[in-house]
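Just below is one structure, and these are the notes that go with it.
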Amino acid sequence: MTPEELIMVCTSDIAGQVRGKALTAVDVDGGQPPQVPWTPTNIMITAHGPIADSPWGPLGDLMLTGDPSTHVRLVFGDGDVHRFMLGDLSEPGGAPWACCLRDFARRGLAALEAEFGLTLRGAMEHEFHYDGVEERPNSAYSLDALRRQGAFAGDLLAALREAGLTPESFMPEYGPSQYEVTVAPSEGLRIADEAVILREVSQTIAARHGGRVSFTPMVRPDAVGNGVHVHFSLCGEGGAPVNHDPDGPAGLSAVAGAFLAGILSKLPSLVALTAASTISYLRLVPNRWSASAVNLGQQDREAAVRLCPVFAARGAVEDQFHFEYRVADGTASPYLLLGALVWAGLHGLRQDLPAPPVTEENVAEMSGTDRAALGIQALPTSLSQALDSLAADDDVIAWMGQALHEAYQRHKRFEVGLMADLDPAAQCARYHLAY
Ligand code: GLU
Ligand code: MG
C-alpha cells in the first residue's frame with residue numbers, strides 16, 4: 001500500500017495562522033479548484049488558542065476554495081510530500097465573505113488599478129528566530145552563524161524555489177539565532193500569498209531539521225526584533241515603475257508622493273493591522289532599527305517608510321527606486337498588511353495629497369517641536385492604543401467593512417485581555433510558541 005498524498009486547502013486568518021482541511025490529492029488533481037466547508041467563528045481563534053467572543057457563535061457556513069496559483073507541492077528525497085493551497089472564503093451563495101482577508105487586499109488592488117491604472121510590485125522580507133542554532137555572543141551577520149545553521153538554509157531556498165518563489169538571499173541577522181530570508185518581488189495579491197507560503201515552507205524545512213522557526217516580533221524583551229519589511233513600488237502601463245521623478249521632492253513622482261502620504265496619514269490606525277500583537281510594540285521603539293515614528297526617511301532604518309538606496313552598479317534609477325514599510329511583523333495577516341498599504345495609498349491618491357516631508361536625520365533624536373513642524377505623528381505605543389485609533393478612523397473602517405472591523409476589534413481586544421496579566425517576558429514566550 002502506498003500512502004496517499006494529502007492536500008490541505010487553507011486560509012490565513014486574522015491571527016496570521018494558516019488553518020484549513022486536507023483532501024486526498026486523488027480527488028483534487030486535474031479537477032476543479034478544491035473546496036472545503038468552513039465556519040465563520042474560526043476567524044476568531046486567537047494565535048494562543050482560546051476563541052475570542054465571536055459575532056457568529058456556532059452559526060453559519062462558508063466555502064473555502066483553493067486558488068491553484070498558490071499550490072505548493074514539496075516532494076522530499078525520503079518520500080515525504082507536503083502540499084497545500086491558499087484560498088478564498090465565500091458565502092454559500094458564492095459571494096465573497098465580508099471577512100475574507102484575501103478579498104480585502106484584492107478589492108484594494110482592483111480599485112487601485114481601476115481608478116489610477118496602477119499595480120503594486122513588491123515582496124515581504126522576513127526576519128526570524130531559528131531554534132536549530134545555539135545562541136552565541138557576537139554572531140551578528142557572521143559567517144560562523146551561517147555555518148552553524150547547517151543545511152537548513154540551502155534546503156529552505158530549494159523548497160522556496162520549488163514552491164514557486166524566487167529566493168534572493170539568506171543572512172544571519174543581528175539578534176540571537178536570528179536569520180533573514182528575502183525573495184524577488186512579485187505582483188499584487190501574490191505579494192501576500194508569497195509571505196504566507198514563505199512562513200509555512202520555513203516551518204516545514206525547520207521541522208524536517210528537528211527544529212522550529214519563529215516569526216514572533218520579539219523573542220524576548222531585551223533582544224532585537226523580527227521585522228517583516230514590505231518592499232514595494234508602483235507600476236503603470238506595461239508594468240513600468242512610476243515611482244521616480246528626478247524633479248520631484250527626494251526624487252518622488254507625484255503618484256508615489258500621494259500614495260506614501262496616504263500611508264503616513266493613516267499609519268496610527270494601520271498599525272493595529274500591521275503590528276498586530278501586544279509585543280509588537282516592544283519592537284517599535286528607537287534603537288531597534290524597526291520604526292518609532294510616522295516618518296518617510298531617506299535610507300533610514302528607523303523610518304516607518306524608508307526610501308531605499310539606489311546603487312550605480314544596479315542599473316537605472318527608475319528601476320531601483322522603491323519604498324519599504326517597516327512597521328510590520330509576523331503577527332500581522334499578510335493580507336491585512338498588504339491591503340492596509342494599498343487602501344491607504346489609494347486614499348492618498350484620491351485626495352491628491354502632496355508628498356510627505358523626507359527626513360534625513362535620526363527622528364528619535366529630534367525635538368518634539370521639530371517633529372511637529374514636519375507633521376511627524378507618534379506611533380501608538382500599545383496594541384490597545386492602535387485599536388482605539390483604528391476604531392476612530394472611519395476611512396479605514398469603510399475599507400475593511402463594518403463586519404471585518406468588528407471581528408478584528410473583538411479578536412484583538414480579547415487577545416490583549418489574554419496577555420493582560422503576563423509580564424513582557426512571559427508575553428514574548430507565548431508569542432514565540434504561537435508564531
Ligand atoms: N530587526 C530589525 C526590525 O525589527 C530590522 C533590521 C534591519 O534593518 O534589517 O525590523
Ligand atoms: Mg534585516
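By order of appearance in the C-alpha cells: chains A, B, ..., then residues from 1 within every chain, and ligands from 1 in the order shown.
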
Report as JSON lines: every residue of chain A with an atom at most 7 Å from ligand 1, its closest pair of atoms, and their distance in Å to one decimal, counting only C-alpha atoms and all ligand atoms, with rows sorted by chain and ascending residue number.
{"residue": "A:Glu127", "atom": "CA", "partner": "ligand 1", "partner_atom_place_in_ligand_line": "1 (N)", "distance": 6.8}
{"residue": "A:Val224", "atom": "CA", "partner": "ligand 1", "partner_atom_place_in_ligand_line": "1 (N)", "distance": 5.7}
{"residue": "A:Gly225", "atom": "CA", "partner": "ligand 1", "partner_atom_place_in_ligand_line": "4 (O)", "distance": 4.0}
{"residue": "A:Asn226", "atom": "CA", "partner": "ligand 1", "partner_atom_place_in_ligand_line": "4 (O)", "distance": 4.5}
{"residue": "A:Gly227", "atom": "CA", "partner": "ligand 1", "partner_atom_place_in_ligand_line": "10 (O)", "distance": 3.7}
{"residue": "A:Val228", "atom": "CA", "partner": "ligand 1", "partner_atom_place_in_ligand_line": "10 (O)", "distance": 6.7}
{"residue": "A:His229", "atom": "CA", "partner": "ligand 1", "partner_atom_place_in_ligand_line": "10 (O)", "distance": 6.9}
{"residue": "A:Arg283", "atom": "CA", "partner": "ligand 1", "partner_atom_place_in_ligand_line": "4 (O)", "distance": 6.2}
{"residue": "A:Arg288", "atom": "CA", "partner": "ligand 1", "partner_atom_place_in_ligand_line": "2 (C)", "distance": 6.1}
{"residue": "A:Trp289", "atom": "CA", "partner": "ligand 1", "partner_atom_place_in_ligand_line": "2 (C)", "distance": 4.9}
{"residue": "A:Ser290", "atom": "CA", "partner": "ligand 1", "partner_atom_place_in_ligand_line": "10 (O)", "distance": 3.8}
{"residue": "A:Arg301", "atom": "CA", "partner": "ligand 1", "partner_atom_place_in_ligand_line": "8 (O)", "distance": 5.4}
{"residue": "A:Arg326", "atom": "CA", "partner": "ligand 1", "partner_atom_place_in_ligand_line": "10 (O)", "distance": 6.2}

For this session: Tell me, as a list in words, which residues lie within 10 Å of A:Val26, counting only C-alpha atoms; anything in the same chain fewer than 5 positions away does not count.
Result: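 The residues satisfying every condition are Glu4, Glu5, Leu6, Ile7 and Gly31 of chain A.
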
Exercise. Taking only C-alpha atoms into account, which of A:Ala98, A:Met63, A:Leu165, A:Met8 comes nearest A:Thr24?
Worked result: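 Once distances to A:Thr24 are computed over only C-alpha atoms, the minimum belongs to A:Met8.
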
Exercise. Can you list every residue in stretch 107-344 of chain A that DSSP puts in alpha helix (DSSP H), as a PyMOL selection string?
Worked result: chain A and resi 107-116+143-148+152-162+189-208+254-274+280-283+317-320+334-344

For this session: Excluding A:Pro268 and any residue of its chain fewer than 4 positions from it, enumerate the residues within 9 Å of it, using only C-alpha atoms, and give them as a VMD selection string.
Result: chain A and resid 264 272 294 377 to 380 385 to 386 389 to 390

Given the selection you just returned, output its residues as a file containing C-alpha atoms, formatted as an mmCIF file, in the first residue's frame.
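And here's part-v7.cif as it stands now:
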data_model
loop_
_atom_site.group_PDB
_atom_site.id
_atom_site.type_symbol
_atom_site.label_atom_id
_atom_site.label_comp_id
_atom_site.auth_asym_id
_atom_site.auth_seq_id
_atom_site.Cartn_x
_atom_site.Cartn_y
_atom_site.Cartn_z
ATOM 1 C CA LEU A 264 1.665 58.028 6.578
ATOM 2 C CA ALA A 272 -3.381 47.898 14.511
ATOM 3 C CA VAL A 294 5.486 58.097 11.464
ATOM 4 C CA GLN A 377 2.992 61.820 14.232
ATOM 5 C CA ALA A 378 3.912 59.461 17.054
ATOM 6 C CA LEU A 379 3.205 55.762 16.693
ATOM 7 C CA PRO A 380 0.783 54.141 19.125
ATOM 8 C CA GLN A 385 -3.899 52.338 21.600
ATOM 9 C CA ALA A 386 -3.606 51.265 17.973
ATOM 10 C CA SER A 389 -7.040 54.742 16.752
ATOM 11 C CA LEU A 390 -8.453 52.235 14.256
#

For this session: Could you pull out the residues in stretch 355-435 of chain A that DSSP calls strand (DSSP E) from the backbone, as a list in words?
Result: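 Filtering stretch 355-435 of chain A down to strand (DSSP E) leaves Val358, Thr359, Gln377 and Ala378 of chain A.
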
Output for the residues just chosen: C-alpha atoms as a PDB file, in the first residue's frame:
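Contents of again_3.pdb, freshly written:
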ATOM      1  CA  VAL A 358      11.502  63.317   3.751  1.00  0.00           C
ATOM      2  CA  THR A 359      13.657  63.142   6.878  1.00  0.00           C
ATOM      3  CA  GLN A 377       2.992  61.820  14.232  1.00  0.00           C
ATOM      4  CA  ALA A 378       3.912  59.461  17.054  1.00  0.00           C
TER       5      ALA A 378
END

Give me, as a Markdown table, each residue of stretch 327-383 of chain A that comes within 12 Å of stretch 407-430 of chain A, together with its shortest interatomic pair and the distance in Å at one decimal, counting only C-alpha atoms, with rows ordered by chain and rising residue number.
| residue | atom | partner | partner_atom | distance |
| --- | --- | --- | --- | --- |
| A:Thr331 | CA | A:Lys412 | CA | 11.2 |
| A:Ala332 | CA | A:Lys412 | CA | 11.1 |
| A:Ser333 | CA | A:Tyr408 | CA | 11.2 |
| A:Leu336 | CA | A:Tyr408 | CA | 10.4 |
| A:Ser382 | CA | A:Val416 | CA | 9.6 |
| A:Leu383 | CA | A:Val416 | CA | 7.5 |

For this session: Name the residues in contact with A:Gly339 at a cut-off of 10 Å, using only C-alpha atoms, excluding same-chain residues fewer than 4 positions from it; report them as a ChimeraX atom specification.
Result: /A:101-109,188-189,192,270,273-274,333-335,343-345,399-400

Could you take the residues named above and write them with C-alpha atoms, as a short mmCIF file (atom, residue, chain, number, x, y, z; two decimals), in the first residue's frame?
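Result file result.cif:
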data_model
loop_
_atom_site.label_atom_id
_atom_site.label_comp_id
_atom_site.auth_asym_id
_atom_site.auth_seq_id
_atom_site.Cartn_x
_atom_site.Cartn_y
_atom_site.Cartn_z
CA LEU A 101 -8.90 38.81 4.27
CA ARG A 102 -7.65 37.90 0.83
CA ASP A 103 -10.67 39.69 -0.60
CA PHE A 104 -9.86 42.83 1.45
CA ALA A 105 -6.46 43.03 -0.26
CA ARG A 106 -7.85 42.04 -3.65
CA ARG A 107 -10.55 44.75 -3.57
CA GLY A 108 -7.97 47.42 -2.76
CA LEU A 109 -5.68 46.29 -5.57
CA GLY A 188 -0.38 42.36 -6.45
CA LEU A 189 -2.06 39.72 -4.30
CA ALA A 192 0.88 38.45 0.37
CA LEU A 270 -2.99 50.96 10.18
CA LEU A 273 -3.41 45.68 11.41
CA THR A 274 0.32 45.57 10.63
CA SER A 333 -2.03 38.79 8.46
CA PRO A 334 -0.08 39.33 5.22
CA TYR A 335 -3.42 40.10 3.51
CA TRP A 343 -6.10 51.13 0.64
CA ALA A 344 -4.19 53.87 2.47
CA GLY A 345 -2.06 54.62 -0.59
CA TRP A 399 -12.24 49.97 3.54
CA MET A 400 -12.50 46.95 5.82
#

Problem set entry | Minimum-distance residue to A:Gln149, chosen among A:Leu120, A:Ala15, A:Leu353, A:Val133 (using only C-alpha atoms) |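 Selected residue with least distance to A:Gln149: A:Val133.
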
Residue contacts of A:Ala355 (6 Å, only C-alpha atoms) excluding same-chain residues fewer than 2 positions away, as a short mmCIF file (atom, residue, chain, number, x, y, z; two decimals) with C-alpha atoms, in the first residue's frame:
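Done, and the output landed in around_5.cif:
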data_model
loop_
_atom_site.label_atom_id
_atom_site.label_comp_id
_atom_site.auth_asym_id
_atom_site.auth_seq_id
_atom_site.Cartn_x
_atom_site.Cartn_y
_atom_site.Cartn_z
CA GLY A 257 4.27 61.02 -3.16
CA ALA A 258 0.48 60.87 -2.86
CA ALA A 261 1.33 60.44 2.05
#

Problem set entry | For ligand 2, the nearest of the candidates A:Gly262, A:Gly175, A:Pro286, A:Pro167, counting only C-alpha atoms and all ligand atoms | A:Gly175

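Residue nearest ligand 2, chosen from A:Pro172, A:Gly315, A:Pro354, A:Pro217 and counting only C-alpha atoms and all ligand atoms: A:Pro172.
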
Problem set entry | Residues near A:Gly239, cut-off 12 Å, only C-alpha atoms, skip fewer than 4 positions along chain, as a list of chain:residue names |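 In the requested form, the answer reads A:Glu113, A:Gly117, A:Leu118, A:Thr119, A:Leu120, A:Arg121, A:Ser186, A:Glu187, A:Gly188, A:Ser233, A:Leu234, A:Cys235, A:Asn243, A:Asp319.
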
Please produce a file of those selected residues containing all heavy atoms, as an mmCIF file, in the first residue's frame.
data_model
loop_
_atom_site.group_PDB
_atom_site.id
_atom_site.type_symbol
_atom_site.label_atom_id
_atom_site.label_comp_id
_atom_site.auth_asym_id
_atom_site.auth_seq_id
_atom_site.Cartn_x
_atom_site.Cartn_y
_atom_site.Cartn_z
ATOM 1 N N GLU A 113 -6.079 49.771 -9.504
ATOM 2 C CA GLU A 113 -5.896 49.594 -10.947
ATOM 3 C C GLU A 113 -7.021 50.291 -11.730
ATOM 4 O O GLU A 113 -6.762 50.996 -12.711
ATOM 5 C CB GLU A 113 -5.845 48.098 -11.291
ATOM 6 C CG GLU A 113 -5.531 47.861 -12.749
ATOM 7 C CD GLU A 113 -4.795 46.554 -13.010
ATOM 8 O OE1 GLU A 113 -4.785 45.667 -12.136
ATOM 9 O OE2 GLU A 113 -4.236 46.436 -14.112
ATOM 10 N N GLY A 117 -4.964 53.127 -12.747
ATOM 11 C CA GLY A 117 -4.161 52.354 -13.705
ATOM 12 C C GLY A 117 -2.851 51.862 -13.100
ATOM 13 O O GLY A 117 -1.874 51.646 -13.809
ATOM 14 N N LEU A 118 -2.835 51.701 -11.760
ATOM 15 C CA LEU A 118 -1.583 51.327 -11.081
ATOM 16 C C LEU A 118 -1.655 49.906 -10.514
ATOM 17 O O LEU A 118 -2.704 49.472 -10.036
ATOM 18 C CB LEU A 118 -1.306 52.295 -9.931
ATOM 19 C CG LEU A 118 -1.042 53.750 -10.335
ATOM 20 C CD1 LEU A 118 -1.010 54.641 -9.096
ATOM 21 C CD2 LEU A 118 0.275 53.868 -11.113
ATOM 22 N N THR A 119 -0.524 49.233 -10.547
ATOM 23 C CA THR A 119 -0.395 47.943 -9.873
ATOM 24 C C THR A 119 0.748 48.039 -8.862
ATOM 25 O O THR A 119 1.566 48.967 -8.921
ATOM 26 C CB THR A 119 -0.092 46.808 -10.871
ATOM 27 O OG1 THR A 119 1.091 47.150 -11.596
ATOM 28 C CG2 THR A 119 -1.244 46.604 -11.843
ATOM 29 N N LEU A 120 0.784 47.084 -7.958
ATOM 30 C CA LEU A 120 1.827 47.098 -6.938
ATOM 31 C C LEU A 120 2.767 45.935 -7.175
ATOM 32 O O LEU A 120 2.335 44.820 -7.462
ATOM 33 C CB LEU A 120 1.176 46.969 -5.562
ATOM 34 C CG LEU A 120 2.025 47.513 -4.426
ATOM 35 C CD1 LEU A 120 1.967 49.041 -4.425
ATOM 36 C CD2 LEU A 120 1.513 46.997 -3.084
ATOM 37 N N ARG A 121 4.041 46.222 -7.046
ATOM 38 C CA ARG A 121 5.072 45.192 -7.164
ATOM 39 C C ARG A 121 5.812 45.191 -5.837
ATOM 40 O O ARG A 121 6.081 46.265 -5.289
ATOM 41 C CB ARG A 121 5.993 45.642 -8.302
ATOM 42 C CG ARG A 121 6.947 44.624 -8.792
ATOM 43 C CD ARG A 121 7.626 45.158 -10.082
ATOM 44 N NE ARG A 121 8.840 44.397 -10.316
ATOM 45 C CZ ARG A 121 8.846 43.121 -10.680
ATOM 46 N NH1 ARG A 121 7.711 42.476 -10.880
ATOM 47 N NH2 ARG A 121 9.983 42.486 -10.845
ATOM 48 N N SER A 186 7.105 40.196 -6.463
ATOM 49 C CA SER A 186 6.027 39.661 -7.306
ATOM 50 C C SER A 186 4.954 40.736 -7.416
ATOM 51 O O SER A 186 5.154 41.865 -6.954
ATOM 52 C CB SER A 186 5.502 38.346 -6.734
ATOM 53 O OG SER A 186 5.086 38.544 -5.408
ATOM 54 N N GLU A 187 3.811 40.384 -7.986
ATOM 55 C CA GLU A 187 2.796 41.396 -8.303
ATOM 56 C C GLU A 187 1.535 41.222 -7.477
ATOM 57 O O GLU A 187 1.041 40.111 -7.332
ATOM 58 C CB GLU A 187 2.357 41.276 -9.778
ATOM 59 C CG GLU A 187 3.458 41.070 -10.788
ATOM 60 C CD GLU A 187 4.257 42.330 -11.024
ATOM 61 O OE1 GLU A 187 3.687 43.425 -10.846
ATOM 62 O OE2 GLU A 187 5.441 42.212 -11.365
ATOM 63 N N GLY A 188 0.971 42.336 -7.019
ATOM 64 C CA GLY A 188 -0.377 42.361 -6.453
ATOM 65 C C GLY A 188 -0.579 41.380 -5.305
ATOM 66 O O GLY A 188 0.250 41.264 -4.385
ATOM 67 N N SER A 233 6.785 48.976 -4.902
ATOM 68 C CA SER A 233 6.826 50.080 -5.854
ATOM 69 C C SER A 233 5.550 50.046 -6.675
ATOM 70 O O SER A 233 4.876 49.013 -6.768
ATOM 71 C CB SER A 233 8.077 49.997 -6.733
ATOM 72 O OG SER A 233 7.984 48.926 -7.621
ATOM 73 N N LEU A 234 5.216 51.201 -7.238
ATOM 74 C CA LEU A 234 4.013 51.319 -8.065
ATOM 75 C C LEU A 234 4.401 51.162 -9.519
ATOM 76 O O LEU A 234 5.442 51.679 -9.951
ATOM 77 C CB LEU A 234 3.381 52.698 -7.862
ATOM 78 C CG LEU A 234 2.773 52.949 -6.485
ATOM 79 C CD1 LEU A 234 2.521 54.446 -6.278
ATOM 80 C CD2 LEU A 234 1.475 52.163 -6.335
ATOM 81 N N CYS A 235 3.556 50.462 -10.267
ATOM 82 C CA CYS A 235 3.828 50.279 -11.692
ATOM 83 C C CYS A 235 2.642 50.777 -12.498
ATOM 84 O O CYS A 235 1.491 50.650 -12.067
ATOM 85 C CB CYS A 235 4.078 48.810 -12.007
ATOM 86 S SG CYS A 235 5.498 48.154 -11.112
ATOM 87 N N ASN A 243 7.634 55.390 -9.926
ATOM 88 C CA ASN A 243 7.903 55.947 -8.596
ATOM 89 C C ASN A 243 8.819 57.160 -8.608
ATOM 90 O O ASN A 243 8.817 57.950 -7.692
ATOM 91 C CB ASN A 243 8.543 54.864 -7.725
ATOM 92 C CG ASN A 243 7.728 53.604 -7.762
ATOM 93 O OD1 ASN A 243 6.665 53.555 -7.166
ATOM 94 N ND2 ASN A 243 8.187 52.603 -8.511
ATOM 95 N N ASP A 319 14.347 52.070 -12.196
ATOM 96 C CA ASP A 319 14.045 50.647 -11.990
ATOM 97 C C ASP A 319 14.297 50.216 -10.545
ATOM 98 O O ASP A 319 13.738 49.221 -10.079
ATOM 99 C CB ASP A 319 14.899 49.774 -12.922
ATOM 100 C CG ASP A 319 14.494 49.954 -14.380
ATOM 101 O OD1 ASP A 319 13.334 50.358 -14.615
ATOM 102 O OD2 ASP A 319 15.335 49.729 -15.267
#

Exercise. Please, what distance in Å, to one decimal, runs between atom CA of A:Cys99 and atom CA of A:Asp53?
Worked result: 15.5 Å

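Nearest-residue note for A:His347: choosing from A:Lys266, A:Arg306, A:His432, A:His126, the minimum distance belongs to A:Lys266, counting only C-alpha atoms.
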
Problem set entry | Nearest residue to A:Pro68 from the set A:Gly401, A:Pro241, A:Gly164, A:Pro356 (distances using only C-alpha atoms) | A:Gly164

Exercise. What is the atom CA of A:Tyr130 to atom CA of A:Ser177 distance in Å?
Worked result: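 Atom-to-atom, atom CA of A:Tyr130 and atom CA of A:Ser177 are spaced 5.7 Å apart.
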
Problem set entry | Close residues, A:Pro185 itself excluded, 8 Å, only C-alpha atoms, min 6 positions apart in chain, as a ChimeraX atom specification | /A:121-123,191
